[in-house]
Amino acid sequence: MSRIGKNPITVPEGVTLEIKDNMITAKGKLGELTQEYSDITIKLEDGTITLERASDKKDQRAKHGLYRALIANMIEGVSKGWTKELELVGVGYRASNQGQKLDLAVGFSHNIVLDIAPEVKVETISEKGKNPIVKLTSFDKQLVGQVAAKIRGFRKPEPYKGKGIKFVGEEIRRKAGKSA
């Protein structure tokens, strides 16, 4: 039995769930998310959700844990929301935003201007003497992760000096340079 799949999900107050023909919809104070599912049955009883599968075939075992995790992330997203923070490490690296436009200066000849999806709220924090931080917040975990990965992809951290765009708290594997 899938250890993740058999854990029940508790539904917090303020979140309503609707299950009909292979679609589950979660509505909360931050937004609304829908997820399609197959090969499993979802039961909603007095504030808890349990997922069950019909057989022990490999694909059904995999989907059991997958859909449990996706539904749990949906519920947490519409009730609390998800946040990712990126840190710009490097001399002269700057970040600023005007509404949903993120402007990054990360050592290229031109600034990178990125239009961010309207579901994701972007905020830049620049303090003197500290690295600039880009803060992304949304109710959709997948979207926040995708936008954060796209921003990080513009200048991934390099192992010699550690310069680049990294997640706050991310450990970068460092290498020793050429020894003279």
# chains A, B, ... in the order shown; residues from 1 in each chain; ligands from 1

call {"tool": "closest_atom_pairs", "arguments": {"of": "segment 9-67 of chain A", "to": "segment 137-152 of chain A", "cutoff": "12 Å", "atoms": "only C-alpha atoms", "output": "tab-separated table"}}
result
residue	atom	partner	partner_atom	distance
A:Ala26	CA	A:Phe139	CA	10.9
A:Lys27	CA	A:Phe139	CA	10.5
A:Gly28	CA	A:Phe139	CA	9.4
A:Lys29	CA	A:Phe139	CA	9.7
A:Leu30	CA	A:Phe139	CA	6.3
A:Gly31	CA	A:Phe139	CA	6.6
A:Glu32	CA	A:Phe139	CA	8.2
A:Leu33	CA	A:Asp140	CA	7.5
A:Thr34	CA	A:Asp140	CA	10.3
A:Gln35	CA	A:Asp140	CA	11.4

call {"tool": "write_last_selection", "arguments": {"atoms": "all heavy atoms", "output": "compact mmCIF listing (two decimals), in the first residue's frame"}}
result
# COMPACT_ATOMS: atom_id res chain seq x y z
N ALA A 26 -11.30 22.51 -5.82
CA ALA A 26 -11.12 23.06 -4.48
C ALA A 26 -11.28 24.58 -4.56
O ALA A 26 -10.60 25.22 -5.37
CB ALA A 26 -9.75 22.71 -3.93
N LYS A 27 -12.18 25.13 -3.74
CA LYS A 27 -12.38 26.58 -3.69
C LYS A 27 -12.04 27.06 -2.29
O LYS A 27 -12.47 26.47 -1.31
CB LYS A 27 -13.84 26.94 -3.99
CG LYS A 27 -14.25 26.73 -5.42
CD LYS A 27 -15.69 27.12 -5.64
CE LYS A 27 -16.15 26.65 -7.00
NZ LYS A 27 -17.59 26.61 -7.14
N GLY A 28 -11.29 28.15 -2.22
CA GLY A 28 -10.92 28.72 -0.94
C GLY A 28 -10.84 30.23 -1.03
O GLY A 28 -11.20 30.81 -2.05
N LYS A 29 -10.34 30.84 0.03
CA LYS A 29 -10.30 32.30 0.06
C LYS A 29 -9.30 32.89 -0.94
O LYS A 29 -9.44 34.03 -1.35
CB LYS A 29 -10.00 32.80 1.48
CG LYS A 29 -8.63 32.41 2.00
CD LYS A 29 -8.38 33.00 3.37
CE LYS A 29 -6.93 32.82 3.78
NZ LYS A 29 -6.69 31.91 4.84
N LEU A 30 -8.29 32.10 -1.36
CA LEU A 30 -7.27 32.62 -2.28
C LEU A 30 -7.57 32.34 -3.74
O LEU A 30 -7.03 33.01 -4.62
CB LEU A 30 -5.90 32.04 -1.92
CG LEU A 30 -5.35 32.41 -0.55
CD1 LEU A 30 -4.05 31.68 -0.30
CD2 LEU A 30 -5.13 33.91 -0.46
N GLY A 31 -8.40 31.34 -4.03
CA GLY A 31 -8.70 31.03 -5.42
C GLY A 31 -9.38 29.69 -5.59
O GLY A 31 -9.89 29.10 -4.63
N GLU A 32 -9.36 29.20 -6.83
CA GLU A 32 -10.02 27.94 -7.17
C GLU A 32 -9.11 27.13 -8.07
O GLU A 32 -8.53 27.65 -9.02
CB GLU A 32 -11.33 28.26 -7.91
CG GLU A 32 -12.10 27.04 -8.34
CD GLU A 32 -13.37 27.40 -9.12
OE1 GLU A 32 -13.88 28.52 -8.97
OE2 GLU A 32 -13.82 26.53 -9.87
N LEU A 33 -8.96 25.82 -7.75
CA LEU A 33 -8.13 24.92 -8.54
C LEU A 33 -8.91 23.66 -8.87
O LEU A 33 -9.70 23.18 -8.06
CB LEU A 33 -6.87 24.53 -7.75
CG LEU A 33 -5.81 25.61 -7.55
CD1 LEU A 33 -4.79 25.14 -6.54
CD2 LEU A 33 -5.12 25.93 -8.86
N THR A 34 -8.68 23.12 -10.07
CA THR A 34 -9.31 21.86 -10.46
C THR A 34 -8.23 20.87 -10.87
O THR A 34 -7.17 21.26 -11.36
CB THR A 34 -10.29 22.05 -11.65
OG1 THR A 34 -9.57 22.60 -12.74
CG2 THR A 34 -11.45 22.94 -11.28
N GLN A 35 -8.52 19.58 -10.65
CA GLN A 35 -7.59 18.52 -11.01
C GLN A 35 -8.37 17.34 -11.55
O GLN A 35 -9.35 16.90 -10.95
CB GLN A 35 -6.77 18.10 -9.77
CG GLN A 35 -5.85 16.92 -9.98
CD GLN A 35 -4.73 17.22 -10.96
OE1 GLN A 35 -4.06 18.24 -10.84
NE2 GLN A 35 -4.52 16.36 -11.92

call {"tool": "select_by_dssp", "arguments": {"residues": "chain A", "states": "strand (DSSP E)", "output": "number ranges by chain"}}
result
A: 9-10, 16-20, 23-27, 32-36, 40-45, 48-53, 82-89, 94-98, 101-105, 112-115, 121-125, 133-138, 164-167

call {"tool": "residues_around", "arguments": {"residues": "Lys63 of chain A", "least_positions_apart": "4", "cutoff": "9 Å", "atoms": "only C-alpha atoms", "output": "list in words"}}
result
Gly5, Tyr37, Ser38, Asp39, Ile40, Arg53, Lys58, Asp59, Tyr67 and Arg68 of chain A

call {"tool": "write_last_selection", "arguments": {"atoms": "all heavy atoms", "output": "mmCIF file, in the first residue's frame"}}
result
data_model
loop_
_atom_site.group_PDB
_atom_site.id
_atom_site.type_symbol
_atom_site.label_atom_id
_atom_site.label_comp_id
_atom_site.auth_asym_id
_atom_site.auth_seq_id
_atom_site.Cartn_x
_atom_site.Cartn_y
_atom_site.Cartn_z
ATOM 1 N N GLY A 5 -0.295 7.616 -0.298
ATOM 2 C CA GLY A 5 -1.673 7.511 -0.775
ATOM 3 C C GLY A 5 -2.684 7.159 0.298
ATOM 4 O O GLY A 5 -3.828 7.583 0.238
ATOM 5 N N TYR A 37 -8.578 13.321 -12.473
ATOM 6 C CA TYR A 37 -7.968 12.111 -11.924
ATOM 7 C C TYR A 37 -8.547 10.885 -12.609
ATOM 8 O O TYR A 37 -9.608 10.946 -13.226
ATOM 9 C CB TYR A 37 -8.151 12.031 -10.399
ATOM 10 C CG TYR A 37 -9.575 11.893 -9.925
ATOM 11 C CD1 TYR A 37 -10.144 10.632 -9.732
ATOM 12 C CD2 TYR A 37 -10.363 13.008 -9.659
ATOM 13 C CE1 TYR A 37 -11.445 10.495 -9.303
ATOM 14 C CE2 TYR A 37 -11.661 12.887 -9.230
ATOM 15 C CZ TYR A 37 -12.200 11.625 -9.049
ATOM 16 O OH TYR A 37 -13.491 11.489 -8.620
ATOM 17 N N SER A 38 -7.822 9.757 -12.497
ATOM 18 C CA SER A 38 -8.292 8.499 -13.085
ATOM 19 C C SER A 38 -7.763 7.327 -12.265
ATOM 20 O O SER A 38 -6.789 7.464 -11.534
ATOM 21 C CB SER A 38 -7.811 8.377 -14.538
ATOM 22 O OG SER A 38 -6.404 8.347 -14.583
ATOM 23 N N ASP A 39 -8.412 6.194 -12.382
ATOM 24 C CA ASP A 39 -8.015 4.920 -11.765
ATOM 25 C C ASP A 39 -8.105 4.878 -10.234
ATOM 26 O O ASP A 39 -7.692 3.893 -9.637
ATOM 27 C CB ASP A 39 -6.584 4.511 -12.170
ATOM 28 C CG ASP A 39 -6.467 4.246 -13.659
ATOM 29 O OD1 ASP A 39 -7.510 3.970 -14.293
ATOM 30 O OD2 ASP A 39 -5.356 4.316 -14.201
ATOM 31 N N ILE A 40 -8.585 5.932 -9.574
ATOM 32 C CA ILE A 40 -8.742 5.905 -8.128
ATOM 33 C C ILE A 40 -10.121 6.429 -7.759
ATOM 34 O O ILE A 40 -10.769 7.100 -8.560
ATOM 35 C CB ILE A 40 -7.663 6.749 -7.391
ATOM 36 C CG1 ILE A 40 -7.658 8.192 -7.907
ATOM 37 C CG2 ILE A 40 -6.291 6.144 -7.493
ATOM 38 C CD1 ILE A 40 -6.988 9.150 -6.978
ATOM 39 N N ARG A 53 -7.646 2.752 -4.334
ATOM 40 C CA ARG A 53 -7.434 2.260 -5.695
ATOM 41 C C ARG A 53 -8.095 0.901 -5.862
ATOM 42 O O ARG A 53 -8.303 0.176 -4.890
ATOM 43 C CB ARG A 53 -5.950 2.208 -6.025
ATOM 44 C CG ARG A 53 -5.142 1.332 -5.094
ATOM 45 C CD ARG A 53 -3.690 1.288 -5.543
ATOM 46 N NE ARG A 53 -2.955 0.318 -4.758
ATOM 47 C CZ ARG A 53 -1.997 0.634 -3.900
ATOM 48 N NH1 ARG A 53 -1.671 1.888 -3.724
ATOM 49 N NH2 ARG A 53 -1.369 -0.309 -3.231
ATOM 50 N N LYS A 58 0.861 -1.609 -11.108
ATOM 51 C CA LYS A 58 1.925 -0.625 -10.907
ATOM 52 C C LYS A 58 1.454 0.809 -11.180
ATOM 53 O O LYS A 58 1.745 1.713 -10.409
ATOM 54 C CB LYS A 58 3.116 -0.964 -11.792
ATOM 55 C CG LYS A 58 4.331 -0.130 -11.485
ATOM 56 C CD LYS A 58 5.543 -0.594 -12.227
ATOM 57 C CE LYS A 58 6.729 0.259 -11.814
ATOM 58 N NZ LYS A 58 7.974 -0.184 -12.370
ATOM 59 N N ASP A 59 0.728 1.018 -12.296
ATOM 60 C CA ASP A 59 0.299 2.382 -12.631
ATOM 61 C C ASP A 59 -0.713 2.910 -11.613
ATOM 62 O O ASP A 59 -0.724 4.103 -11.294
ATOM 63 C CB ASP A 59 -0.256 2.463 -14.055
ATOM 64 C CG ASP A 59 -1.480 1.592 -14.264
ATOM 65 O OD1 ASP A 59 -1.547 0.518 -13.639
ATOM 66 O OD2 ASP A 59 -2.370 1.989 -15.045
ATOM 67 N N TYR A 67 -1.994 11.446 -6.870
ATOM 68 C CA TYR A 67 -3.214 12.251 -6.745
ATOM 69 C C TYR A 67 -3.445 12.710 -5.311
ATOM 70 O O TYR A 67 -3.964 13.790 -5.087
ATOM 71 C CB TYR A 67 -4.428 11.499 -7.284
ATOM 72 C CG TYR A 67 -4.415 11.410 -8.790
ATOM 73 C CD1 TYR A 67 -4.513 10.184 -9.440
ATOM 74 C CD2 TYR A 67 -4.285 12.547 -9.569
ATOM 75 C CE1 TYR A 67 -4.489 10.105 -10.817
ATOM 76 C CE2 TYR A 67 -4.248 12.478 -10.936
ATOM 77 C CZ TYR A 67 -4.354 11.247 -11.562
ATOM 78 O OH TYR A 67 -4.318 11.186 -12.927
ATOM 79 N N ARG A 68 -3.013 11.897 -4.335
ATOM 80 C CA ARG A 68 -3.138 12.324 -2.939
ATOM 81 C C ARG A 68 -2.289 13.573 -2.706
ATOM 82 O O ARG A 68 -2.726 14.531 -2.093
ATOM 83 C CB ARG A 68 -2.702 11.189 -2.015
ATOM 84 C CG ARG A 68 -3.054 11.439 -0.543
ATOM 85 C CD ARG A 68 -1.842 11.893 0.212
ATOM 86 N NE ARG A 68 -2.190 12.257 1.578
ATOM 87 C CZ ARG A 68 -1.677 13.306 2.191
ATOM 88 N NH1 ARG A 68 -0.851 14.097 1.580
ATOM 89 N NH2 ARG A 68 -2.010 13.567 3.426
#

call {"tool": "closest_atom_pairs", "arguments": {"of": "segment 123-155 of chain A", "to": "segment 93-96 of chain A", "cutoff": "8 Å", "atoms": "only C-alpha atoms", "output": "tab-separated table"}}
result
residue	atom	partner	partner_atom	distance
A:Thr124	CA	A:Ser96	CA	5.8
A:Ser126	CA	A:Ala95	CA	7.7
A:Pro132	CA	A:Arg94	CA	6.2
A:Ile133	CA	A:Ala95	CA	7.5
A:Val134	CA	A:Ala95	CA	7.1

call {"tool": "write_last_selection", "arguments": {"atoms": "N, CA, C and O atoms", "output": "PDB file, in the first residue's frame"}}
result
ATOM      1  N   THR A 124       9.698  42.392  -5.008  1.00  0.00           N
ATOM      2  CA  THR A 124      11.156  42.425  -4.946  1.00  0.00           C
ATOM      3  C   THR A 124      11.590  43.163  -3.681  1.00  0.00           C
ATOM      4  O   THR A 124      11.015  44.192  -3.338  1.00  0.00           O
ATOM      5  N   SER A 126      14.914  44.805  -1.929  1.00  0.00           N
ATOM      6  CA  SER A 126      16.305  45.229  -2.107  1.00  0.00           C
ATOM      7  C   SER A 126      16.731  46.043  -0.893  1.00  0.00           C
ATOM      8  O   SER A 126      16.207  47.129  -0.657  1.00  0.00           O
ATOM      9  N   PRO A 132      19.585  41.112  -3.501  1.00  0.00           N
ATOM     10  CA  PRO A 132      18.157  41.317  -3.817  1.00  0.00           C
ATOM     11  C   PRO A 132      17.396  39.988  -3.771  1.00  0.00           C
ATOM     12  O   PRO A 132      17.940  38.940  -4.126  1.00  0.00           O
ATOM     13  N   ILE A 133      16.133  40.051  -3.340  1.00  0.00           N
ATOM     14  CA  ILE A 133      15.292  38.855  -3.238  1.00  0.00           C
ATOM     15  C   ILE A 133      14.026  39.067  -4.055  1.00  0.00           C
ATOM     16  O   ILE A 133      13.410  40.134  -3.993  1.00  0.00           O
ATOM     17  N   VAL A 134      13.650  38.069  -4.837  1.00  0.00           N
ATOM     18  CA  VAL A 134      12.395  38.069  -5.588  1.00  0.00           C
ATOM     19  C   VAL A 134      11.472  37.091  -4.890  1.00  0.00           C
ATOM     20  O   VAL A 134      11.814  35.916  -4.707  1.00  0.00           O
TER      21      VAL A 134
END

call {"tool": "closest_residue", "arguments": {"among": "A:Ile172, A:Leu102, A:Val15, A:Leu88", "to": "Ala72 of chain A", "atoms": "only C-alpha atoms"}}
result
A:Val15

call {"tool": "atom_distance", "arguments": {"atom1": "atom CA of Thr83 of chain A", "atom2": "atom CA of Glu171 of chain A"}}
result
18.5 Å

call {"tool": "residues_around", "arguments": {"residues": "segment 44-52 of chain A", "least_positions_apart": "6", "cutoff": "10 Å", "atoms": "only C-alpha atoms", "output": "VMD selection string"}}
result
chain A and resid 1 5 to 13 15 to 19 60 to 61 64 to 65 67 to 68 71 to 72

call {"tool": "atom_distance", "arguments": {"atom1": "atom CA of Ala62 of chain A", "atom2": "atom CA of Gly77 of chain A"}}
result
22.7 Å

call {"tool": "residues_around", "arguments": {"residues": "Val89 of chain A", "least_positions_apart": "2", "cutoff": "12 Å", "atoms": "only C-alpha atoms", "output": "short mmCIF file (atom, residue, chain, number, x, y, z; two decimals) with C-alpha atoms, in the first residue's frame"}}
result
data_model
loop_
_atom_site.label_atom_id
_atom_site.label_comp_id
_atom_site.auth_asym_id
_atom_site.auth_seq_id
_atom_site.Cartn_x
_atom_site.Cartn_y
_atom_site.Cartn_z
CA LEU A 86 14.85 33.64 -5.12
CA GLU A 87 18.10 35.38 -4.20
CA VAL A 91 28.01 42.15 -8.00
CA GLY A 92 25.58 44.52 -9.70
CA TYR A 93 22.72 41.99 -9.83
CA ARG A 94 19.43 43.85 -9.34
CA ALA A 95 15.72 43.06 -9.46
CA ALA A 105 19.85 42.88 -14.25
CA VAL A 106 22.03 39.76 -13.99
CA GLY A 107 25.21 40.59 -15.88
CA GLY A 129 24.36 45.47 1.77
CA LYS A 130 22.20 42.40 1.10
CA ASN A 131 21.42 40.40 -2.03
CA PRO A 132 18.16 41.32 -3.82
CA ILE A 133 15.29 38.86 -3.24
CA VAL A 134 12.40 38.07 -5.59
CA ARG A 152 16.43 30.75 -11.96
CA ARG A 155 21.45 32.67 -14.56
CA LYS A 156 21.92 29.39 -12.67
CA PRO A 157 24.37 29.51 -9.73
CA GLU A 158 27.87 28.53 -10.76
CA LYS A 161 32.04 31.83 -6.95
CA GLY A 162 28.39 30.95 -6.28
CA LYS A 163 27.13 33.77 -8.51
CA GLY A 164 23.67 33.49 -10.07
CA ILE A 165 20.00 33.23 -9.12
CA LYS A 166 19.33 30.68 -6.38
CA PHE A 167 16.47 29.73 -4.10
CA VAL A 168 16.70 31.14 -0.57
CA GLU A 170 19.56 26.41 -1.41
CA ILE A 172 25.30 25.26 -3.87
#

call {"tool": "atom_distance", "arguments": {"atom1": "atom CA of Ile42 of chain A", "atom2": "atom CA of Glu76 of chain A"}}
result
17.5 Å

call {"tool": "select_by_dssp", "arguments": {"residues": "segment 27-171 of chain A", "states": "alpha helix (DSSP H)", "output": "count of residues only"}}
result
36

call {"tool": "closest_residue", "arguments": {"among": "A:Gly90, A:Gly81, A:Gly99, A:Gly153", "to": "Ile116 of chain A", "atoms": "only C-alpha atoms"}}
result
A:Gly99

call {"tool": "closest_residue", "arguments": {"among": "A:Pro118, A:Gln98, A:Ile24, A:Asn111", "to": "Met74 of chain A", "atoms": "only C-alpha atoms"}}
result
A:Ile24
